[in-house]
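Enquirer: protein_32.csv is reproduced below (CSV, C-alpha atoms).
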chain,number,residue,atom,x,y,z
A,76,MET,CA,28.9,13.9,-1.7
A,77,ALA,CA,32.2,12.4,-2.8
A,78,ASP,CA,33.1,11.1,0.6
A,79,GLU,CA,29.8,9.5,1.5
A,80,LEU,CA,29.7,5.7,1.7
A,81,VAL,CA,25.9,5.3,1.2
A,82,HIS,CA,24.1,6.9,-1.7
A,83,TYR,CA,20.3,7.6,-1.6
A,84,ASP,CA,18.2,8.2,-4.7
A,85,VAL,CA,14.5,8.2,-5.4
A,86,VAL,CA,13.0,7.6,-8.9
A,87,GLY,CA,9.5,6.7,-9.7
A,88,GLY,CA,8.6,5.8,-6.1
A,89,THR,CA,11.6,3.6,-5.6
A,90,ALA,CA,14.3,4.6,-3.1
A,91,THR,CA,17.6,3.0,-4.0
A,92,ILE,CA,20.1,2.8,-1.1
A,93,THR,CA,23.6,1.9,-2.4
A,94,LEU,CA,26.5,0.8,-0.2
A,95,ASP,CA,29.6,2.4,-1.7
A,96,SER,CA,32.6,1.4,0.3
A,97,PRO,CA,34.3,-1.1,-2.1
A,98,HIS,CA,37.8,-0.6,-0.6
A,99,ASN,CA,36.8,-2.7,2.4
A,100,ARG,CA,34.1,-4.8,0.7
A,101,ASN,CA,31.3,-2.6,2.0
A,102,ALA,CA,32.1,-3.6,5.6
A,103,LEU,CA,29.9,-2.1,8.3
A,104,SER,CA,32.1,0.7,9.4
A,105,ALA,CA,30.9,3.4,11.8
A,106,GLN,CA,30.4,5.8,8.9
A,107,LEU,CA,28.6,3.3,6.7
A,108,ARG,CA,26.3,2.2,9.6
A,109,ARG,CA,25.4,5.8,10.3
A,110,GLU,CA,24.7,6.7,6.7
A,111,LEU,CA,22.8,3.5,6.1
A,112,SER,CA,20.6,4.1,9.1
A,113,ASP,CA,19.9,7.7,8.1
A,114,SER,CA,19.0,6.6,4.5
A,115,LEU,CA,16.6,3.9,5.8
A,116,ALA,CA,14.9,6.4,8.1
A,117,LYS,CA,14.6,8.9,5.2
A,118,ALA,CA,12.9,6.3,2.9
A,119,ALA,CA,10.6,5.1,5.7
A,120,SER,CA,9.3,8.7,6.3
A,121,ASP,CA,8.9,9.8,2.7
A,122,ASP,CA,5.3,9.3,1.4
A,123,ALA,CA,6.6,9.4,-2.2
A,124,VAL,CA,8.7,6.2,-1.6
A,125,ARG,CA,6.8,3.0,-2.2
A,126,VAL,CA,9.6,0.4,-2.3
A,127,ILE,CA,13.2,0.4,-1.1
A,128,VAL,CA,16.0,-1.3,-3.0
A,129,LEU,CA,19.2,-2.0,-1.0
A,130,THR,CA,22.2,-2.6,-3.3
A,131,HIS,CA,26.0,-2.0,-3.6
A,132,THR,CA,28.9,-1.0,-5.7
A,133,GLY,CA,32.0,-3.1,-6.1
A,134,PRO,CA,32.2,-6.9,-6.2
A,135,VAL,CA,30.9,-7.6,-2.7
A,136,PHE,CA,27.5,-6.8,-1.2
A,137,CYS,CA,28.7,-6.6,2.4
A,138,ALA,CA,31.5,-8.4,4.3
A,139,GLY,CA,30.0,-7.9,7.7
A,140,MET,CA,31.3,-5.8,10.6
A,141,ASP,CA,34.5,-3.8,10.0
A,142,LEU,CA,37.1,-5.9,11.8
A,143,LYS,CA,39.7,-3.2,11.8
A,144,GLU,CA,37.4,-1.0,13.9
A,145,ALA,CA,36.6,-4.0,16.1
A,146,ARG,CA,40.2,-4.8,16.9
A,147,GLY,CA,41.2,-3.8,20.5
A,148,ALA,CA,37.8,-2.4,21.4
A,149,GLY,CA,35.9,-3.5,24.6
A,150,ALA,CA,32.5,-5.0,24.5
A,151,GLY,CA,30.8,-1.7,25.1
A,152,ASP,CA,32.7,0.0,22.3
A,153,GLN,CA,32.1,-2.6,19.6
A,154,GLY,CA,30.3,-1.4,16.4
A,155,VAL,CA,28.0,-4.4,16.6
A,156,ASN,CA,26.2,-2.6,19.4
A,157,GLU,CA,24.7,-0.2,16.7
A,158,PHE,CA,23.8,-3.0,14.3
A,159,PRO,CA,20.4,-4.1,15.8
A,160,LYS,CA,19.0,-0.7,14.9
A,161,ILE,CA,19.7,-1.2,11.2
A,162,LEU,CA,18.3,-4.7,11.2
A,163,GLU,CA,15.2,-3.5,13.0
A,164,GLN,CA,14.8,-0.7,10.4
A,165,LEU,CA,15.0,-3.2,7.6
A,166,TRP,CA,12.7,-5.7,9.2
A,167,THR,CA,10.0,-3.2,10.4
A,168,SER,CA,10.2,-0.7,7.5
A,169,PRO,CA,6.6,0.2,6.4
A,170,LYS,CA,7.9,0.1,2.8
A,171,PRO,CA,8.9,-3.3,1.4
A,172,VAL,CA,12.7,-3.7,1.0
A,173,VAL,CA,14.4,-5.6,-1.8
A,174,ALA,CA,18.0,-6.7,-1.4
A,175,ARG,CA,19.9,-6.7,-4.7
A,176,LEU,CA,23.2,-8.7,-4.6
A,177,ALA,CA,25.6,-8.6,-7.5
A,178,GLY,CA,28.2,-10.3,-5.3
A,179,PRO,CA,28.9,-12.2,-2.0
A,180,ALA,CA,27.7,-11.5,1.5
A,181,ARG,CA,29.2,-12.5,4.8
A,182,ALA,CA,28.2,-12.5,8.4
A,183,GLY,CA,26.4,-9.2,9.1
A,184,GLY,CA,25.8,-8.7,5.4
A,185,ILE,CA,23.7,-11.8,5.4
A,186,GLY,CA,21.8,-10.5,8.4
A,187,MET,CA,20.8,-7.5,6.3
A,188,VAL,CA,19.8,-9.7,3.4
A,189,ALA,CA,17.6,-11.8,5.8
A,190,ALA,CA,16.0,-8.6,7.2
A,191,CYS,CA,14.8,-7.5,3.8
A,192,ASP,CA,11.4,-8.7,2.5
A,193,ILE,CA,12.7,-9.9,-0.9
A,194,ALA,CA,16.3,-10.9,-1.8
A,195,VAL,CA,17.7,-11.5,-5.2
A,196,ALA,CA,21.3,-12.4,-6.2
A,197,VAL,CA,23.4,-13.4,-9.1
A,198,PRO,CA,24.2,-17.1,-9.3
A,199,GLU,CA,27.9,-16.4,-8.7
A,200,ALA,CA,27.1,-14.8,-5.3
A,201,THR,CA,28.4,-16.7,-2.3
A,202,PHE,CA,27.5,-16.6,1.4
A,203,ALA,CA,29.0,-17.7,4.7
A,204,PHE,CA,28.3,-17.3,8.4
A,205,SER,CA,32.0,-16.8,9.0
A,206,GLU,CA,31.7,-15.7,12.7
A,207,VAL,CA,32.8,-19.0,14.3
A,208,ARG,CA,35.9,-19.1,12.1
A,209,ILE,CA,37.2,-16.0,13.9
A,210,GLY,CA,36.0,-16.9,17.3
A,211,VAL,CA,32.8,-14.9,17.5
A,212,VAL,CA,29.1,-15.8,17.5
A,213,PRO,CA,26.4,-14.9,14.9
A,214,ALA,CA,24.2,-13.7,17.7
A,215,VAL,CA,22.6,-10.5,16.5
A,216,ILE,CA,22.0,-11.7,12.9
A,217,SER,CA,20.4,-14.9,14.2
A,218,LEU,CA,17.3,-12.8,15.0
A,219,THR,CA,16.7,-12.0,11.3
A,220,VAL,CA,18.4,-15.1,9.7
A,221,LEU,CA,16.8,-18.0,11.7
A,222,PRO,CA,13.2,-17.1,10.8
A,223,ARG,CA,14.2,-17.4,7.2
A,224,LEU,CA,16.3,-20.6,7.2
A,225,ASN,CA,15.5,-24.2,7.2
A,226,PRO,CA,16.5,-25.3,10.7
A,227,ARG,CA,18.8,-28.2,9.7
A,228,ALA,CA,20.7,-25.9,7.2
A,229,ALA,CA,21.0,-23.2,9.9
A,230,HIS,CA,22.7,-25.6,12.3
A,231,GLU,CA,25.1,-26.8,9.6
A,232,LEU,CA,26.0,-23.4,8.2
A,233,PHE,CA,26.2,-21.5,11.5
A,234,LEU,CA,28.4,-24.1,13.1
A,235,THR,CA,30.7,-24.9,10.2
A,236,GLY,CA,31.1,-21.4,8.7
A,237,ASP,CA,31.2,-23.1,5.3
A,238,THR,CA,30.6,-21.1,2.1
A,239,PHE,CA,27.5,-21.8,0.2
A,240,ASP,CA,26.3,-20.6,-3.2
A,241,ALA,CA,23.2,-18.7,-4.4
A,242,ARG,CA,21.4,-21.9,-5.5
A,243,ARG,CA,21.5,-23.3,-2.0
A,244,ALA,CA,20.6,-19.9,-0.5
A,245,VAL,CA,17.4,-20.1,-2.5
A,246,GLU,CA,16.8,-23.7,-1.4
A,247,ILE,CA,17.1,-22.9,2.3
A,248,GLY,CA,15.1,-19.7,2.3
A,249,LEU,CA,17.7,-16.9,2.4
A,250,LEU,CA,17.1,-15.7,-1.2
A,251,ASN,CA,13.9,-15.5,-3.3
A,252,SER,CA,15.8,-16.1,-6.5
A,253,ALA,CA,19.2,-16.3,-8.2
A,254,THR,CA,19.4,-15.0,-11.7
A,255,SER,CA,21.9,-13.6,-14.2
A,256,ASP,CA,19.4,-11.0,-15.2
A,257,LEU,CA,19.5,-9.3,-11.8
A,258,ASP,CA,18.1,-5.9,-12.8
A,259,THR,CA,15.1,-7.4,-14.6
A,260,GLU,CA,14.3,-9.6,-11.6
A,261,VAL,CA,14.6,-6.7,-9.2
A,262,ALA,CA,12.4,-4.6,-11.4
A,263,ARG,CA,9.8,-7.3,-11.5
A,264,PHE,CA,9.6,-7.5,-7.7
A,265,VAL,CA,9.5,-3.7,-7.4
A,266,LYS,CA,6.6,-3.4,-9.8
A,267,ALA,CA,4.7,-6.1,-8.0
A,268,LEU,CA,5.3,-4.5,-4.6
A,269,ALA,CA,4.4,-1.0,-5.7
A,270,ALA,CA,1.0,-2.3,-6.9
A,271,GLY,CA,-0.1,-2.9,-3.3
A,272,GLY,CA,-1.7,-0.2,-1.2
A,273,PRO,CA,0.8,1.6,1.0
A,274,LYS,CA,-1.1,1.2,4.3
A,275,ALA,CA,-2.1,-2.4,3.4
A,276,LEU,CA,1.6,-3.3,2.7
A,277,ALA,CA,2.7,-1.8,6.0
A,278,GLU,CA,0.1,-3.7,7.9
A,279,THR,CA,0.7,-6.9,6.1
A,280,LYS,CA,4.4,-6.6,6.9
A,281,ALA,CA,3.5,-6.3,10.6
A,282,LEU,CA,1.1,-9.2,10.3
A,283,LEU,CA,3.9,-11.4,8.9
A,284,SER,CA,6.0,-10.7,11.9
A,285,ARG,CA,3.4,-11.3,14.6
A,286,PRO,CA,3.5,-14.5,16.8
A,287,ARG,CA,1.1,-17.1,15.5
A,288,PRO,CA,-1.9,-17.9,17.7
A,289,ALA,CA,-2.0,-21.4,19.1
A,290,THR,CA,-5.1,-22.2,16.9
A,291,PRO,CA,-6.9,-20.3,14.1
A,292,SER,CA,-9.8,-19.9,16.4
A,293,ASP,CA,-7.7,-17.9,18.9
A,294,GLY,CA,-6.9,-15.3,16.2
A,295,PHE,CA,-10.1,-14.9,14.2
A,296,ASP,CA,-11.6,-12.1,16.3
A,297,GLU,CA,-8.5,-9.9,16.0
A,298,MET,CA,-8.0,-10.7,12.3
A,299,LEU,CA,-11.6,-10.1,11.5
A,300,GLY,CA,-11.4,-6.6,13.0
A,301,LEU,CA,-8.3,-5.9,11.0
A,302,SER,CA,-9.8,-7.2,7.7
A,303,ALA,CA,-13.1,-5.3,8.2
A,304,LYS,CA,-11.2,-2.1,9.0
A,305,PHE,CA,-9.2,-2.2,5.8
A,306,PHE,CA,-12.2,-3.2,3.6
A,307,ALA,CA,-13.9,0.0,4.9
A,308,SER,CA,-10.8,2.2,4.8
A,309,GLU,CA,-10.3,4.9,2.2
A,310,GLU,CA,-7.5,2.9,0.7
A,311,GLY,CA,-9.6,-0.3,0.6
A,312,GLN,CA,-12.5,1.5,-1.0
A,313,GLU,CA,-10.3,3.0,-3.6
A,314,GLY,CA,-8.9,-0.4,-4.5
A,315,ILE,CA,-12.4,-2.0,-4.7
A,316,LEU,CA,-13.6,0.9,-6.9
A,317,ALA,CA,-10.5,0.6,-9.2
A,318,PHE,CA,-11.1,-3.1,-9.6
A,319,ALA,CA,-14.7,-2.5,-10.6
A,320,GLN,CA,-13.7,0.3,-13.0
A,321,LYS,CA,-10.9,-1.9,-14.5
A,322,ARG,CA,-8.2,0.7,-13.7
A,323,LYS,CA,-5.1,1.0,-11.5
A,324,PRO,CA,-5.6,2.3,-8.0
A,325,ASN,CA,-4.4,5.8,-7.4
A,326,TRP,CA,-1.4,4.6,-5.3
A,327,VAL,CA,0.2,2.8,-8.2
A,328,PRO,CA,3.2,4.8,-9.6
A,329,GLN,CA,2.8,6.0,-13.1
A,330,ASP,CA,4.8,4.2,-15.8
Take the structure in this file and express it as structure tokens.
Expert:
Amino acid sequence: MADELVHYDVVGGTATITLDSPHNRNALSAQLRRELSDSLAKAASDDAVRVIVLTHTGPVFCAGMDLKEARGAGAGDQGVNEFPKILEQLWTSPKPVVARLAGPARAGGIGMVAACDIAVAVPEATFAFSEVRIGVVPAVISLTVLPRLNPRAAHELFLTGDTFDARRAVEIGLLNSATSDLDTEVARFVKALAAGGPKALAETKALLSRPRPATPSDGFDEMLGLSAKFFASEEGQEGILAFAQKRKPNWVPQD
């Protein structure tokens, strides 16, 4: 549709979700939030989708919350109240999510980048936790950003609101890589992610988000049960057989 702000497309097992609101730097307006959430839900429930790519049109990935809509609204009417749902959808999606940034991200936009499993940007992309500069707090996004960032860098960047580049974003854990050949790098990650078993990927994502036991001994019983279950599962047995027969498992998308 010509008036939609988020486009959804599936090709070869990859769902590409594109933010298309360049007139306001892909700010998180009410319409964009609604359409983005709907697209994420659609991808999560589609068995044909193996990997999700979150990208954008225009020079900016996402500028954060739409400040025009925020102006004059009370606490209960602020658009940020709907934002945790989107971050949760990205963080807990059973399908791996790759963020593709051909331009800058700010504030809530960085929260989405951090909520994705893999994030790749061009070297020219810049980032800033600009909230304190306008008198607000990066509270909601802290829940996805802080698990990614080096603590010392998090204190500096959250408190100063300073702009930093893609090179530093890689160094502190926000990005996986910064490259001029963005599409090739994204395709590399998509291919690698699609090689994993769908159920194994979903469970591994959940595993990565679990609280760590105090000692390895405290977790071995639970993890042993999980490992044995997947070794014996239909997916695990197919993967073992495919390895023995020197072929790709049946879940790998056809080239």
Enquirer: Which value, in Å to one decimal, gives the distance between CA of Gly186 in chain A and CA of Thr259 in chain A?
Expert: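 Rounded to one decimal, the two atoms are 24.2 Å apart.
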Enquirer: Please identify all polymer residues lying at most 12 Å from the point (25.6, 3.9, -0.6) (file coordinates), using only C-alpha atoms, and present the result as a PyMOL selection string.
Expert: chain A and resi 76-84+90-97+101-103+106-115+128-133+136-137
Enquirer: Would you mind reading off the distance between CA of Ala244 in chain A and CA of Lys160 in chain A, one decimal, in Å?
Expert: 24.7 Å
Enquirer: What's the 9 Å shell around Asp237 in chain A, counting all atoms listed in the file, without same-chain residues fewer than 2 positions away, as a list in words?
Expert: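 Contacts, with the query itself left out: Phe202, Ala203, Phe204, Ser205, Glu231, Leu232, Phe233, Leu234, Thr235 and Phe239 of chain A.
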Enquirer: Pro134 in chain A: which residues within 8 Å, counting all atoms listed in the file, same-chain residues fewer than 6 positions away excluded, as a PyMOL selection string?
Expert: chain A and resi 97+100+177-179
Enquirer: When distances are computed from all atoms listed in the file, which of A:Gln329, A:Ser255, A:Ser292, A:Thr89 shows the smallest separation from Ala123 in chain A?
Expert: A:Thr89
Enquirer: Please compute the CA of Leu250 in chain A-CA of Asn225 in chain A distance, one decimal, in Å.
Expert: 12.1 Å
Enquirer: Give me the range 157-227 of chain A side of the contact with range 267-276 of chain A, cut-off 12 Å, one line per residue showing its nearest atom pair and distance in Å at one decimal, counting only C-alpha atoms, sorted by chain and residue number, as CSV.
Expert:
residue,atom,partner,partner_atom,distance
A:Thr167,CA,A:Leu276,CA,11.4
A:Ser168,CA,A:Leu276,CA,10.2
A:Pro169,CA,A:Leu276,CA,7.1
A:Lys170,CA,A:Leu276,CA,7.2
A:Pro171,CA,A:Leu268,CA,7.1
A:Val172,CA,A:Leu268,CA,9.3
A:Val173,CA,A:Leu268,CA,9.6
A:Asp192,CA,A:Leu268,CA,10.3
A:Ile193,CA,A:Leu268,CA,9.9
Enquirer: Put those residues in a file: C-alpha atoms, as a tab-separated table (two decimals), in the frame of the given file.
Expert:
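The resulting file, out-v8.tsv, is reproduced below:
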chain	number	residue	atom	x	y	z
A	167	THR	CA	10.00	-3.20	10.40
A	168	SER	CA	10.20	-0.70	7.50
A	169	PRO	CA	6.60	0.20	6.40
A	170	LYS	CA	7.90	0.10	2.80
A	171	PRO	CA	8.90	-3.30	1.40
A	172	VAL	CA	12.70	-3.70	1.00
A	173	VAL	CA	14.40	-5.60	-1.80
A	192	ASP	CA	11.40	-8.70	2.50
A	193	ILE	CA	12.70	-9.90	-0.90
Enquirer: Identify which of the residues A:Gly87, A:Gly294, A:Pro226, A:Gly248 lies closest to Arg125 in chain A, counting only C-alpha atoms when measuring atom-to-atom distances.
Expert: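 The shortest atom-to-atom distance to Arg125 in chain A comes from A:Gly87.
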Enquirer: For Ile209 in chain A, which of A:Gly236, A:Leu224, A:Ala190, A:Gly154 is the closest residue, counting only C-alpha atoms?
Expert: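 Looking at the shortest contact to Ile209 in chain A, the residue is A:Gly236.
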Enquirer: Quick one: residues within 9 Å of Glu206 in chain A, only C-alpha atoms, excluding same-chain residues fewer than 4 positions away - as a PDB file with C-alpha atoms, in the coordinates of the input?
Expert:
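For reference, part15.pdb as written:
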ATOM      1  CA  ARG A 181      29.200 -12.500   4.800  1.00  0.00           C
ATOM      2  CA  ALA A 182      28.200 -12.500   8.400  1.00  0.00           C
ATOM      3  CA  GLY A 210      36.000 -16.900  17.300  1.00  0.00           C
ATOM      4  CA  VAL A 211      32.800 -14.900  17.500  1.00  0.00           C
ATOM      5  CA  VAL A 212      29.100 -15.800  17.500  1.00  0.00           C
ATOM      6  CA  PRO A 213      26.400 -14.900  14.900  1.00  0.00           C
ATOM      7  CA  PHE A 233      26.200 -21.500  11.500  1.00  0.00           C
ATOM      8  CA  GLY A 236      31.100 -21.400   8.700  1.00  0.00           C
TER       9      GLY A 236
END
Enquirer: Considering all atoms listed in the file, return as a PyMOL selection string whatever protein or nucleic-acid residues lie within 12 Å of Ala317 in chain A, sequence-local ones (same chain, fewer than 6 positions apart) excluded.
Expert: chain A and resi 272+310-311+323-327
Enquirer: Given the selection you just returned, output its residues as a file containing C-alpha atoms, formatted as a PDB file, in the coordinates of the input.
Expert:
ATOM      1  CA  GLY A 272      -1.700  -0.200  -1.200  1.00  0.00           C
ATOM      2  CA  GLU A 310      -7.500   2.900   0.700  1.00  0.00           C
ATOM      3  CA  GLY A 311      -9.600  -0.300   0.600  1.00  0.00           C
ATOM      4  CA  LYS A 323      -5.100   1.000 -11.500  1.00  0.00           C
ATOM      5  CA  PRO A 324      -5.600   2.300  -8.000  1.00  0.00           C
ATOM      6  CA  ASN A 325      -4.400   5.800  -7.400  1.00  0.00           C
ATOM      7  CA  TRP A 326      -1.400   4.600  -5.300  1.00  0.00           C
ATOM      8  CA  VAL A 327       0.200   2.800  -8.200  1.00  0.00           C
TER       9      VAL A 327
END
